[in-house]
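Dumped upload16.txt below, it's compact mmCIF, C-alpha atoms and all ligand atoms:
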```
# COMPACT_ATOMS: atom_id res chain seq x y z
CA MET A 1 -10.29 -15.05 -21.72
CA THR A 2 -8.40 -18.21 -20.78
CA ASP A 3 -9.93 -21.55 -21.42
CA PRO A 4 -10.99 -22.89 -18.03
CA LYS A 5 -9.11 -26.12 -18.66
CA GLY A 6 -6.09 -24.31 -20.06
CA ASP A 7 -6.60 -26.27 -23.29
CA ARG A 8 -5.32 -24.34 -26.28
CA THR A 9 -7.36 -26.32 -28.80
CA THR A 10 -10.77 -26.56 -27.15
CA GLU A 11 -13.59 -25.34 -29.35
CA ARG A 12 -16.33 -23.16 -27.99
CA PRO A 13 -19.66 -22.45 -29.70
CA GLY A 14 -19.04 -19.84 -32.32
CA ALA A 15 -15.38 -19.59 -31.45
CA GLN A 16 -12.49 -21.70 -32.60
CA VAL A 17 -9.27 -21.89 -30.64
CA SER A 18 -6.14 -22.63 -32.63
CA ASP A 19 -2.46 -21.96 -32.77
CA LEU A 20 -1.73 -19.69 -35.69
CA ARG A 21 1.98 -20.44 -35.51
CA GLU A 22 1.16 -23.85 -36.91
CA LEU A 23 0.09 -22.07 -40.06
CA GLY A 24 3.35 -20.18 -40.40
CA PRO A 25 6.51 -21.18 -42.22
CA ALA A 26 8.27 -22.66 -39.21
CA ALA A 27 5.63 -25.31 -38.57
CA SER A 28 4.78 -26.25 -42.11
CA GLY A 29 8.38 -26.36 -43.24
CA THR A 30 7.29 -24.95 -46.59
CA ARG A 31 7.28 -21.30 -47.53
CA SER A 32 3.73 -19.93 -47.35
CA PRO A 33 2.64 -17.70 -50.19
CA ILE A 34 3.07 -14.11 -49.16
CA ASP A 35 3.72 -11.16 -51.42
CA ALA A 36 6.67 -8.81 -51.12
CA ARG A 37 4.49 -5.85 -50.22
CA ALA A 38 3.02 -7.69 -47.24
CA LEU A 39 6.47 -8.84 -46.16
CA ASP A 40 7.74 -5.27 -46.36
CA ARG A 41 4.90 -4.07 -44.17
CA LEU A 42 5.56 -6.77 -41.61
CA TYR A 43 9.23 -5.92 -41.65
CA GLN A 44 8.42 -2.23 -41.14
CA LEU A 45 6.01 -3.16 -38.35
CA ALA A 46 8.76 -5.09 -36.55
CA ILE A 47 10.92 -1.95 -36.69
CA ASP A 48 8.12 0.40 -35.61
CA LEU A 49 6.90 -1.47 -32.51
CA PRO A 50 7.64 0.90 -29.61
CA VAL A 51 8.70 -1.53 -26.86
CA ASP A 52 9.82 1.33 -24.63
CA GLU A 53 6.33 2.85 -24.51
CA GLY A 54 4.61 -0.05 -22.74
CA THR A 55 2.52 -3.07 -23.67
CA ALA A 56 -0.56 -1.05 -24.63
CA ARG A 57 1.35 0.94 -27.27
CA VAL A 58 2.92 -2.23 -28.68
CA VAL A 59 -0.55 -3.75 -29.12
CA GLN A 60 -1.99 -0.59 -30.68
CA VAL A 61 0.86 -0.12 -33.18
CA PHE A 62 0.78 -3.84 -33.99
CA LEU A 63 -2.93 -3.82 -34.82
CA ASP A 64 -2.63 -0.52 -36.73
CA GLY A 65 0.13 -2.06 -38.85
CA LEU A 66 -1.66 -5.35 -39.38
CA ALA A 67 -5.21 -4.12 -40.11
CA PRO A 68 -4.46 -2.65 -43.59
CA LEU A 69 -2.94 -5.99 -44.61
CA LEU A 70 -6.12 -7.87 -43.66
CA PRO A 71 -8.86 -5.38 -44.51
CA ARG A 72 -11.91 -7.64 -44.23
CA LEU A 73 -11.05 -9.14 -40.84
CA ALA A 74 -11.74 -7.96 -37.34
CA LEU A 75 -8.59 -8.18 -35.23
CA GLY A 76 -8.34 -8.12 -31.44
CA VAL A 77 -5.76 -8.65 -28.73
CA CYS A 78 -6.49 -9.35 -25.09
CA VAL A 79 -3.45 -9.23 -22.81
CA VAL A 80 -3.74 -10.22 -19.18
CA ASP A 81 -1.07 -9.47 -16.62
CA PRO A 82 -1.80 -11.50 -13.48
CA ALA A 83 1.15 -9.87 -11.63
CA GLN A 84 -0.44 -6.44 -12.02
CA GLY A 85 -4.05 -7.73 -12.01
CA GLU A 86 -4.69 -5.95 -15.33
CA GLN A 87 -6.41 -6.82 -18.58
CA LEU A 88 -5.98 -4.90 -21.80
CA VAL A 89 -8.26 -5.30 -24.82
CA GLU A 90 -7.63 -3.62 -28.16
CA LEU A 91 -9.76 -4.09 -31.30
CA ARG A 92 -9.56 -3.13 -34.97
CA LEU A 93 -12.83 -3.64 -36.84
CA PRO A 94 -13.48 -3.58 -40.59
CA GLU A 95 -15.75 -0.80 -41.74
CA GLY A 96 -19.44 -1.36 -40.95
CA VAL A 97 -18.80 -3.99 -38.26
CA GLU A 98 -19.72 -3.36 -34.64
CA ALA A 99 -18.02 -5.00 -31.71
CA GLY A 100 -21.21 -5.67 -29.72
CA THR A 101 -21.56 -7.84 -26.65
CA GLY A 102 -22.50 -11.46 -26.35
CA HIS A 103 -22.96 -14.24 -23.81
CA ASP A 104 -19.57 -15.82 -24.41
CA PRO A 105 -17.03 -13.73 -22.48
CA SER A 106 -14.17 -15.27 -24.47
CA ARG A 107 -15.38 -13.68 -27.73
CA LEU A 108 -14.41 -10.18 -28.80
CA PHE A 109 -16.58 -10.19 -31.97
CA PRO A 110 -19.85 -11.89 -31.04
CA LYS A 111 -21.64 -10.27 -33.96
CA MET A 112 -19.43 -11.99 -36.55
CA SER A 113 -20.16 -15.54 -37.61
CA HIS A 114 -16.59 -16.83 -37.02
CA GLU A 115 -14.01 -16.04 -34.45
CA GLU A 116 -10.67 -17.74 -34.18
CA ILE A 117 -8.91 -17.41 -30.83
CA THR A 118 -5.21 -18.08 -30.40
CA GLN A 119 -3.70 -18.44 -26.95
CA LEU A 120 -0.40 -16.63 -26.62
CA SER A 121 2.42 -18.71 -25.21
CA ASP A 122 4.14 -18.67 -21.82
CA PRO A 123 4.77 -16.24 -20.13
CA LEU A 124 1.76 -14.60 -21.79
CA LEU A 125 -0.57 -17.47 -20.91
CA GLY A 126 -4.15 -16.28 -20.62
CA SER A 127 -3.59 -13.64 -23.28
CA THR A 128 -5.30 -14.18 -26.63
CA PHE A 129 -5.29 -13.02 -30.24
CA HIS A 130 -8.65 -12.89 -32.07
CA VAL A 131 -9.58 -12.94 -35.74
CA GLY A 132 -13.22 -12.33 -36.55
CA SER A 133 -14.78 -12.84 -39.94
CA ASP A 134 -18.08 -13.52 -41.62
CA ASP A 135 -16.43 -16.06 -43.82
CA ALA A 136 -15.19 -19.43 -42.62
CA THR A 137 -12.37 -19.40 -45.16
CA ARG A 138 -10.91 -16.32 -43.53
CA ALA A 139 -11.36 -13.64 -46.14
CA ASN A 140 -8.21 -13.81 -48.21
CA VAL A 141 -5.26 -15.90 -49.16
CA LEU A 142 -2.80 -13.70 -47.29
CA THR A 143 -4.44 -14.14 -43.90
CA GLU A 144 -2.72 -17.26 -42.71
CA PRO A 145 0.84 -16.52 -43.81
CA VAL A 146 0.58 -12.95 -42.50
CA LEU A 147 -0.77 -14.00 -39.13
CA GLY A 148 1.70 -16.88 -38.91
CA ARG A 149 4.53 -14.36 -39.12
CA ALA A 150 2.90 -11.55 -37.18
CA LEU A 151 1.95 -13.45 -34.06
CA PRO A 152 5.49 -14.34 -32.90
CA LEU A 153 6.31 -10.68 -33.50
CA LEU A 154 3.51 -9.62 -31.17
CA GLU A 155 4.53 -12.10 -28.47
CA ALA A 156 8.21 -11.19 -28.57
CA ASN A 157 7.50 -7.48 -28.39
CA ILE A 158 4.97 -7.71 -25.56
CA LYS A 159 7.56 -9.69 -23.59
CA ARG A 160 10.19 -7.05 -24.32
CA ALA A 161 7.82 -4.21 -23.39
CA ARG A 162 6.95 -5.96 -20.15
CA ALA A 163 10.59 -6.51 -19.26
CA LEU A 164 11.27 -2.80 -19.81
CA GLU A 165 8.18 -1.85 -17.77
CA ARG A 166 9.33 -4.03 -14.86
CA LYS A 167 12.81 -2.57 -15.06
CA ALA A 168 11.41 0.98 -14.95
CA GLN A 169 9.15 0.07 -12.01
CA GLY A 170 12.13 -1.45 -10.19
CA ALA A 171 14.21 1.68 -10.78
CA ALA A 172 11.36 3.92 -9.57
CA ALA A 173 10.88 1.76 -6.45
CA LEU A 174 14.61 1.94 -5.73
CA LYS A 175 14.55 5.73 -6.05
CA ARG A 176 11.57 5.95 -3.68
CA LEU A 177 13.34 3.65 -1.26
CA GLN A 178 16.47 5.78 -1.30
CA ALA A 179 14.42 8.91 -0.59
CA GLN A 180 12.71 7.12 2.29
CA VAL A 181 15.99 5.91 3.76
CA ILE A 182 17.29 9.48 3.64
CA GLN A 183 14.12 10.70 5.37
CA THR A 184 14.36 7.97 8.03
CA GLU A 185 17.99 8.84 8.66
CA LYS A 186 17.00 12.51 8.94
CA LEU A 187 14.39 11.63 11.55
CA ALA A 188 16.91 9.55 13.49
CA SER A 189 19.35 12.48 13.65
CA LEU A 190 16.44 14.74 14.59
CA GLY A 191 15.90 12.44 17.59
CA GLN A 192 19.48 13.08 18.70
CA ILE A 193 19.09 16.83 18.21
CA VAL A 194 15.87 16.79 20.25
CA ALA A 195 17.67 14.95 23.04
CA GLY A 196 20.35 17.69 23.06
CA VAL A 197 17.76 20.48 23.03
CA VAL A 198 15.86 18.91 25.90
CA HIS A 199 19.06 18.54 27.88
CA GLU A 200 19.72 22.28 27.43
CA LEU A 201 16.15 23.09 28.49
CA ASN A 202 16.37 21.03 31.64
CA ASN A 203 18.47 23.38 33.76
CA PRO A 204 16.52 26.60 33.13
CA LEU A 205 13.24 24.70 33.55
CA THR A 206 14.35 23.26 36.86
CA SER A 207 15.21 26.82 37.96
CA ILE A 208 11.80 28.11 36.86
CA VAL A 209 10.06 25.35 38.82
CA ALA A 210 12.16 26.01 41.94
CA TYR A 211 11.82 29.84 41.83
CA ALA A 212 8.11 29.70 41.08
CA ASP A 213 7.72 27.50 44.13
CA TYR A 214 9.85 29.87 46.21
CA LEU A 215 7.78 32.90 45.10
CA LYS A 216 4.55 31.05 45.75
CA ARG A 217 5.58 30.29 49.31
CA ARG A 218 6.69 33.91 49.88
CA LEU A 219 3.41 35.23 48.49
CA GLU A 220 1.36 32.83 50.57
CA ALA A 221 2.71 34.61 53.64
CA ARG A 222 1.13 37.89 52.47
CA GLU A 223 -2.59 38.30 52.91
CA ASP A 224 -3.19 40.64 49.94
CA SER A 225 -1.66 38.41 47.25
CA ILE A 226 -4.02 35.49 46.67
CA ASP A 227 -4.09 36.19 42.93
CA ASP A 228 -0.30 36.31 42.75
CA VAL A 229 -0.05 32.99 44.60
CA GLU A 230 -2.25 31.49 41.92
CA ARG A 231 -0.10 33.03 39.16
CA ALA A 232 3.09 31.65 40.69
CA ARG A 233 1.45 28.26 41.03
CA ARG A 234 0.51 28.28 37.36
CA ILE A 235 4.04 29.23 36.30
CA GLY A 236 5.41 26.32 38.33
CA GLU A 237 2.83 23.92 36.96
CA ALA A 238 3.43 24.93 33.34
CA ALA A 239 7.19 24.54 33.77
CA GLN A 240 6.67 21.12 35.37
CA ARG A 241 4.59 20.07 32.41
CA ILE A 242 7.27 21.09 29.91
CA LEU A 243 9.86 19.30 32.03
CA ARG A 244 7.83 16.09 32.13
CA PHE A 245 7.05 16.25 28.43
CA SER A 246 10.65 16.85 27.45
CA ARG A 247 11.94 14.04 29.67
CA ASP A 248 9.39 11.64 28.17
CA LEU A 249 10.37 12.82 24.72
CA VAL A 250 14.03 12.02 25.37
CA ALA A 251 13.11 8.62 26.81
CA TYR A 252 11.09 7.99 23.65
CA ALA A 253 13.85 9.14 21.28
CA ARG A 254 16.55 7.14 23.07
CA PRO A 255 17.28 3.70 21.53
CA SER A 256 15.28 1.16 23.53
CA ALA A 257 16.98 -0.75 26.28
CA ASP A 258 16.76 -4.47 25.65
CA VAL A 259 15.50 -5.32 29.10
CA PRO A 260 11.79 -6.10 29.31
CA ALA A 261 9.96 -5.07 32.43
CA PRO A 262 6.32 -4.92 33.52
CA VAL A 263 4.70 -2.05 31.65
CA GLU A 264 1.50 -0.28 32.68
CA VAL A 265 -0.44 -0.13 29.44
CA HIS A 266 -2.57 2.85 30.46
CA GLU A 267 0.52 4.88 31.35
CA VAL A 268 2.11 4.10 28.00
CA ILE A 269 -1.07 5.06 26.12
CA ASP A 270 -1.33 8.32 28.09
CA LYS A 271 2.25 9.20 27.23
CA ALA A 272 1.64 8.47 23.56
CA LEU A 273 -1.49 10.63 23.65
CA VAL A 274 0.55 13.52 25.09
CA PHE A 275 3.06 13.16 22.25
CA CYS A 276 0.25 13.21 19.72
CA GLU A 277 -1.70 16.02 21.44
CA HIS A 278 -0.66 18.53 18.80
CA GLU A 279 -1.57 16.30 15.81
CA LEU A 280 -4.86 15.28 17.41
CA GLY A 281 -5.70 18.89 18.26
CA LYS A 282 -4.88 20.05 14.72
CA ALA A 283 -7.31 17.47 13.33
CA GLY A 284 -10.00 18.51 15.85
CA VAL A 285 -10.09 15.04 17.38
CA HIS A 286 -11.78 14.34 20.67
CA VAL A 287 -10.08 11.57 22.68
CA GLU A 288 -12.10 9.10 24.70
CA ARG A 289 -10.50 6.56 27.05
CA ARG A 290 -12.50 3.48 27.95
CA TRP A 291 -10.21 1.91 30.49
CA HIS A 292 -10.49 -1.56 31.99
CA PRO A 293 -10.56 -1.03 35.79
CA ASN A 294 -7.95 -3.69 36.63
CA LEU A 295 -5.83 -4.06 33.56
CA PRO A 296 -2.77 -6.20 34.28
CA SER A 297 0.60 -4.99 33.09
CA VAL A 298 2.35 -6.50 30.09
CA LEU A 299 5.96 -7.57 29.98
CA GLY A 300 7.87 -5.48 27.51
CA ILE A 301 9.77 -2.38 26.62
CA GLY A 302 7.80 0.76 27.44
CA GLY A 303 9.48 2.93 24.80
CA GLN A 304 8.70 0.45 22.04
CA LEU A 305 5.09 0.05 23.12
CA ALA A 306 4.74 3.86 23.23
CA GLN A 307 6.01 3.87 19.65
CA VAL A 308 3.20 1.47 18.70
CA PHE A 309 0.54 3.83 20.02
CA VAL A 310 2.18 6.99 18.72
CA ASN A 311 2.03 5.43 15.24
CA LEU A 312 -1.59 4.36 15.61
CA PHE A 313 -2.70 7.73 17.02
CA THR A 314 -0.79 9.69 14.39
CA ASN A 315 -2.38 7.67 11.61
CA ALA A 316 -5.82 8.14 13.14
CA SER A 317 -5.36 11.89 13.43
CA HIS A 318 -4.15 12.10 9.81
CA ALA A 319 -7.26 10.17 8.73
CA MET A 320 -9.48 12.61 10.63
CA VAL A 321 -7.97 15.86 9.32
CA GLY A 322 -10.79 18.07 8.09
CA ARG A 323 -13.42 15.68 9.49
CA GLY A 324 -12.83 15.75 13.25
CA GLY A 325 -14.46 12.96 15.21
CA ALA A 326 -13.51 10.73 18.10
CA LEU A 327 -10.48 8.63 18.83
CA VAL A 328 -11.70 5.95 21.20
CA VAL A 329 -9.07 3.89 23.02
CA THR A 330 -10.50 0.88 24.80
CA THR A 331 -8.59 -1.58 26.96
CA ALA A 332 -9.81 -5.03 27.91
CA PHE A 333 -8.53 -8.15 29.60
CA ASP A 334 -9.47 -11.75 28.97
CA PRO A 335 -8.38 -13.63 32.12
CA SER A 336 -8.95 -17.09 30.63
CA ALA A 337 -6.63 -16.38 27.71
CA GLY A 338 -4.38 -14.08 29.72
CA ARG A 339 -4.53 -11.48 26.95
CA VAL A 340 -4.73 -7.71 27.11
CA THR A 341 -6.35 -6.00 24.14
CA ILE A 342 -6.15 -2.36 23.22
CA THR A 343 -8.62 -1.15 20.59
CA VAL A 344 -7.97 2.12 18.76
CA ASP A 345 -11.03 3.26 16.93
CA ASP A 346 -11.28 6.38 14.74
CA ASP A 347 -13.87 8.25 12.68
CA GLY A 348 -11.42 8.86 9.84
CA THR A 349 -11.59 8.34 6.10
CA GLY A 350 -11.32 4.56 6.38
CA ILE A 351 -9.11 2.31 4.27
CA ASP A 352 -9.91 0.95 0.83
CA PRO A 353 -10.30 -2.89 0.99
CA ALA A 354 -7.50 -3.28 -1.59
CA ASP A 355 -5.15 -1.19 0.60
CA LEU A 356 -6.17 -2.91 3.83
CA THR A 357 -4.23 -6.03 2.83
CA GLN A 358 -1.07 -3.98 2.35
CA ILE A 359 -0.98 -1.45 5.19
CA PHE A 360 1.41 -3.52 7.33
CA GLU A 361 3.87 -3.90 4.45
CA PRO A 362 7.00 -1.75 4.78
CA PHE A 363 6.88 1.38 2.61
CA PHE A 364 3.20 1.09 1.79
CA THR A 365 1.75 4.57 2.08
CA THR A 366 -1.08 6.54 0.53
CA LYS A 367 0.31 9.79 1.87
CA THR A 368 1.99 12.30 -0.39
CA GLU A 369 5.77 12.38 -0.53
CA GLY A 370 7.31 13.76 2.62
CA ARG A 371 4.18 13.13 4.71
CA GLY A 372 4.60 9.40 5.19
CA THR A 373 7.35 6.83 4.77
CA GLY A 374 4.98 3.89 5.01
CA LEU A 375 7.09 2.36 7.77
CA GLY A 376 4.81 3.16 10.74
CA LEU A 377 2.55 0.11 10.68
CA SER A 378 5.29 -2.34 9.69
CA ILE A 379 7.21 -1.22 12.79
CA VAL A 380 4.01 -1.51 14.84
CA ARG A 381 3.55 -5.09 13.62
CA ASP A 382 7.18 -6.01 14.37
CA ILE A 383 7.15 -4.51 17.87
CA VAL A 384 3.85 -6.16 18.76
CA ALA A 385 5.06 -9.51 17.41
CA ALA A 386 8.29 -9.18 19.43
CA HIS A 387 6.09 -8.76 22.51
CA GLY A 388 4.28 -12.01 21.73
CA GLY A 389 1.23 -10.20 20.39
CA LYS A 390 -0.78 -9.53 17.25
CA VAL A 391 -2.18 -6.43 15.60
CA SER A 392 -5.07 -6.34 13.14
CA ALA A 393 -7.17 -3.75 11.38
CA THR A 394 -10.72 -3.48 10.11
CA SER A 395 -12.08 -0.51 8.25
CA THR A 396 -15.06 0.93 6.42
CA VAL A 397 -14.41 3.63 3.85
CA GLY A 398 -16.04 6.90 4.92
CA VAL A 399 -16.79 5.58 8.40
CA GLY A 400 -13.54 4.83 10.18
CA THR A 401 -10.88 2.32 11.14
CA THR A 402 -10.27 0.06 14.11
CA PHE A 403 -6.89 -1.34 15.11
CA VAL A 404 -6.73 -4.08 17.74
CA VAL A 405 -3.47 -4.74 19.56
CA ASP A 406 -3.50 -8.01 21.45
CA LEU A 407 -0.71 -8.65 23.98
CA PRO A 408 -0.08 -11.37 26.56
CA ALA A 409 -0.50 -10.12 30.13
CA ALA A 410 2.78 -10.05 32.10
CA ALA A 411 2.01 -13.10 34.22
CA HIS A 412 1.06 -15.07 31.12
CA ARG A 413 4.11 -14.61 28.93
CA SER A 414 5.55 -18.01 28.28
CA SER A 415 9.06 -16.75 27.72
CA THR A 416 11.02 -14.11 29.53
CA ARG A 417 13.31 -13.64 26.57
CA PRO A 418 13.65 -9.92 25.85
CA PRO A 419 11.46 -8.88 22.95
CA ARG A 420 13.55 -7.72 20.02
CA ALA A 421 11.82 -5.52 17.51
N1 LIG B 501 -6.35 4.98 10.98
C1 LIG B 501 -6.18 4.98 9.65
N2 LIG B 501 -7.16 5.46 8.84
C2 LIG B 501 -7.01 5.47 7.49
N3 LIG B 501 -5.90 5.00 6.86
C3 LIG B 501 -4.92 4.50 7.61
C4 LIG B 501 -5.00 4.46 9.04
N4 LIG B 501 -3.87 3.89 9.50
C5 LIG B 501 -3.13 3.59 8.42
N5 LIG B 501 -3.74 3.96 7.28
C6 LIG B 501 -3.26 3.73 5.91
O1 LIG B 501 -2.16 2.85 5.97
C7 LIG B 501 -1.03 3.42 5.31
C8 LIG B 501 0.24 2.91 5.97
O2 LIG B 501 0.34 3.41 7.29
P1 LIG B 501 1.78 3.57 7.94
O3 LIG B 501 1.63 4.12 9.31
O4 LIG B 501 2.52 2.28 7.79
O5 LIG B 501 2.51 4.59 6.99
P2 LIG B 501 2.25 6.16 6.82
O6 LIG B 501 1.41 6.67 7.94
O7 LIG B 501 1.76 6.38 5.45
O8 LIG B 501 3.73 6.72 6.94
P3 LIG B 501 4.62 6.77 8.28
O9 LIG B 501 5.80 5.93 7.97
O10 LIG B 501 4.95 8.21 8.43
O11 LIG B 501 3.84 6.22 9.42
C9 LIG B 501 -1.24 4.93 5.40
O12 LIG B 501 -0.58 5.60 4.38
C10 LIG B 501 -2.76 5.02 5.26
O13 LIG B 501 -3.15 4.94 3.91
MG MG B 502 1.88 6.20 9.99
```
Spit out the file's structure as structure tokens when you get a sec.
Ligand SMILES: Nc1ncnc2c1ncn2[C@@H]1O[C@H](COP(=O)(O)OP(=O)(O)OP(=O)(O)O)[C@@H](O)[C@H]1O
Ligand SMILES: [Mg+2]
Amino acid sequence: MTDPKGDRTTERPGAQVSDLRELGPAASGTRSPIDARALDRLYQLAIDLPVDEGTARVVQVFLDGLAPLLPRLALGVCVVDPAQGEQLVELRLPEGVEAGTGHDPSRLFPKMSHEEITQLSDPLLGSTFHVGSDDATRANVLTEPVLGRALPLLEANIKRARALERKAQGAAALKRLQAQVIQTEKLASLGQIVAGVVHELNNPLTSIVAYADYLKRRLEAREDSIDDVERARRIGEAAQRILRFSRDLVAYARPSADVPAPVEVHEVIDKALVFCEHELGKAGVHVERRWHPNLPSVLGIGGQLAQVFVNLFTNASHAMVGRGGALVVTTAFDPSAGRVTITVDDDGTGIDPADLTQIFEPFFTTKTEGRGTGLGLSIVRDIVAAHGGKVSATSTVGVGTTFVVDLPAAAHRSSTRPPRA
């Protein structure tokens, strides 16, 4: 709707751009003829405009109030909000007139012979007010004085409605943020509780492992107990697995040490996959590892890098719930650049192009309340950046998503400064 050159007075074929305020009392300095009835209606309109119900309602009530005063004119308002990327168009047409469509996108009434377009002023630039008529003299004597008074009313009330909308959005965002901080704090204390639980499990598990081993060796001495040897072996193995898992879990939950060391990327990925086993299994995901045969280590903090992959794998499994599919983790090394890349590819729902630009922003989530804080990928980005790397995503809706984590190989890191996420 804006004039490409931003010129408020440019004329277009069939459409005339003007500033109606110049027709009003303030600009002319003389009182324009307007009857008391019309003034009363305008006064009532100013009272009725519901600024607390949003811009759209302001525009609707404004046009509803104005249309009876100017019965032979078509009236239209087009409000653009670049911050929200929205455009709102509202029309009031005299009886027997159709809106129709035309070649000139700036016109709201292409079927009428005249259309006067007024640009609203800053900060509503780009928004326009339209008066359509089949008569160049603009239908009746009241038109100009009424519009001259009404237009500032419209502008002032849209601005007020917008300010209230922004305030409400800010309050809602703050409330969401508070809920997320509470949830994050809850998770942090859960980490401490887990560490305590695992500590308590350690002693009995160590006993189970030791006694299972003792029984196995005793049974091995007897010829008739091959099956029992196998059972004892399985008890020992299962207990070992729980022990390993719980120790890794504590290492993961513990705040990261600040000392970077060479980290075996495949080991870290395997650990993260074990943590996500339950989520991946629930979503029916099949995991495929495509490992580089001689992947160099990276210099970093293992716990933080595990967090990167836990986040990526959890997101992938959420995206594959009810669909199943494969999670393919591929590692590669580019010796000339000295970079290690890890590609995480899923067959999930994919990400809408509009969302793809926002997924690394803190608190951006499409998950329902309680299911996601929207912090996962922002933490991923920060950790990877602290390790001198980059993370990027590509996605096709309905097909799947690919995340690529690119890290400098240990021997190639230019600085030995500890990464701080
Ligand atoms: N593999 C994926 N497939 C589809 N969408 C994804 C994928 N990974 C991320 N997303 C989208 O990106 C959004 C942000 O992800 P992010 O991990 O930052 O937060 P979250 O998973 O919503 O919450 P949490 O803080 O619990 O991780 C998700 O809500 C989801 O919409
Ligand atoms: Mg996540």
Taking all listed atoms of ligand LIG 501 (chain B), build the axis-aligned box, pad each of the six sides by 6 Å, then write its centre and edge lengths in Å to one decimal as JSON.
```
{"center_x": -0.7, "center_y": 5.2, "center_z": 7.4, "size_x": 25.0, "size_y": 17.9, "size_z": 19.1}
```
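Using only C-alpha atoms and all ligand atoms, residues with at least one atom at most 6 Å away from any atom of ligand LIG 501 (chain B) are A:Asn315, A:Ala316, A:Ala319, A:Gly348, A:Thr349, A:Gly350, A:Ile351, A:Ile359, A:Phe360, A:Phe364, A:Thr365, A:Thr366, A:Lys367, A:Gly372, A:Thr373, A:Gly374, A:Leu375, A:Gly376, A:Leu377, A:Ser378, A:Thr401.
Of the listed residues (A:Lys216, A:Lys271, A:Arg290, A:His278), A:Lys271 comes nearest to Phe309 in chain A; the distances count only C-alpha atoms.
Across the model, the gap from CA of Lys111 in chain A to CA of Pro68 in chain A is 21.1 Å.
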Mind running range 253-282 of chain A against range 332-340 of chain A at 12 Å and telling me each contacting residue's nearest atom pair with the distance in Å (one decimal), counting all atoms listed in the file, chain and number ascending, as CSV?
```
residue,atom,partner,partner_atom,distance
A:Val263,CA,A:Val340,CA,11.9
A:Glu264,CA,A:Val340,CA,11.2
A:Val265,CA,A:Val340,CA,9.0
A:His266,CA,A:Ala332,CA,11.0
```
#### Entry: Gap from CA of Val298 in chain A to CA of Val380 in chain A - Å, one decimal
16.1 Å
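Of note, CA of Phe363 in chain A and CA of Asp270 in chain A are spaced 27.7 Å apart.
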### Query
Using all atoms listed in the file, which residues sit within 9 Å of Gly300 in chain A once same-chain residues fewer than 5 positions away are excluded, as a PyMOL selection string?
chain A and resi 259-263+305+386-387+410+418-419
### Task
Give me the residues within 12 Å of Gly100 in chain A as a VMD selection string, counting only C-alpha atoms and dropping any in the same chain fewer than 6 places off.
chain A and resid 91 93 107 to 112
Mind writing the picked residues with C-alpha atoms as a compact mmCIF listing (two decimals), keeping the file's coordinate frame?
```txt
# COMPACT_ATOMS: atom_id res chain seq x y z
CA LEU A 91 -9.76 -4.09 -31.30
CA LEU A 93 -12.83 -3.64 -36.84
CA ARG A 107 -15.38 -13.68 -27.73
CA LEU A 108 -14.41 -10.18 -28.80
CA PHE A 109 -16.58 -10.19 -31.97
CA PRO A 110 -19.85 -11.89 -31.04
CA LYS A 111 -21.64 -10.27 -33.96
CA MET A 112 -19.43 -11.99 -36.55
```
#### Entry: Test item: residues at most 9 Å from Leu69 in chain A, only C-alpha atoms, excluding those fewer than 4 positions along its chain, as a VMD selection string
chain A and resid 38 41 65 142 to 143 146
Given the selection you just returned, output its residues as a file containing C-alpha atoms, formatted as a compact mmCIF listing (two decimals), in the coordinates of the input.
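Saved to result_15.txt:
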```txt
# COMPACT_ATOMS: atom_id res chain seq x y z
CA ALA A 38 3.02 -7.69 -47.24
CA ARG A 41 4.90 -4.07 -44.17
CA GLY A 65 0.13 -2.06 -38.85
CA LEU A 142 -2.80 -13.70 -47.29
CA THR A 143 -4.44 -14.14 -43.90
CA VAL A 146 0.58 -12.95 -42.50
```
### Query
Which of these residues is nearest to Arg244 in chain A, using only C-alpha atoms: A:Glu277, A:Asn157, A:Leu205, A:Gln60?
A:Leu205
## Note on the structure
Judged by all atoms listed in the file, the minimum distance to ligand MG 502 (chain B) among A:Gly281, A:Pro362, A:Pro353, A:Pro50 is found for A:Pro362
### Message
I'd like to know which of A:Ser317, A:Asn311, A:Thr184, A:Ser392 is closest to ligand MG 502 (chain B), using only C-alpha atoms and all ligand atoms.
### Response
A:Asn311
### Query
If we count all atoms listed in the file, what is near Ala161 in chain A at a cut-off of 12 Å, once residues fewer than 4 positions away on the same chain are taken out, given as an MDAnalysis selection string?
chainID A and resid 49:59 154:157 165:168
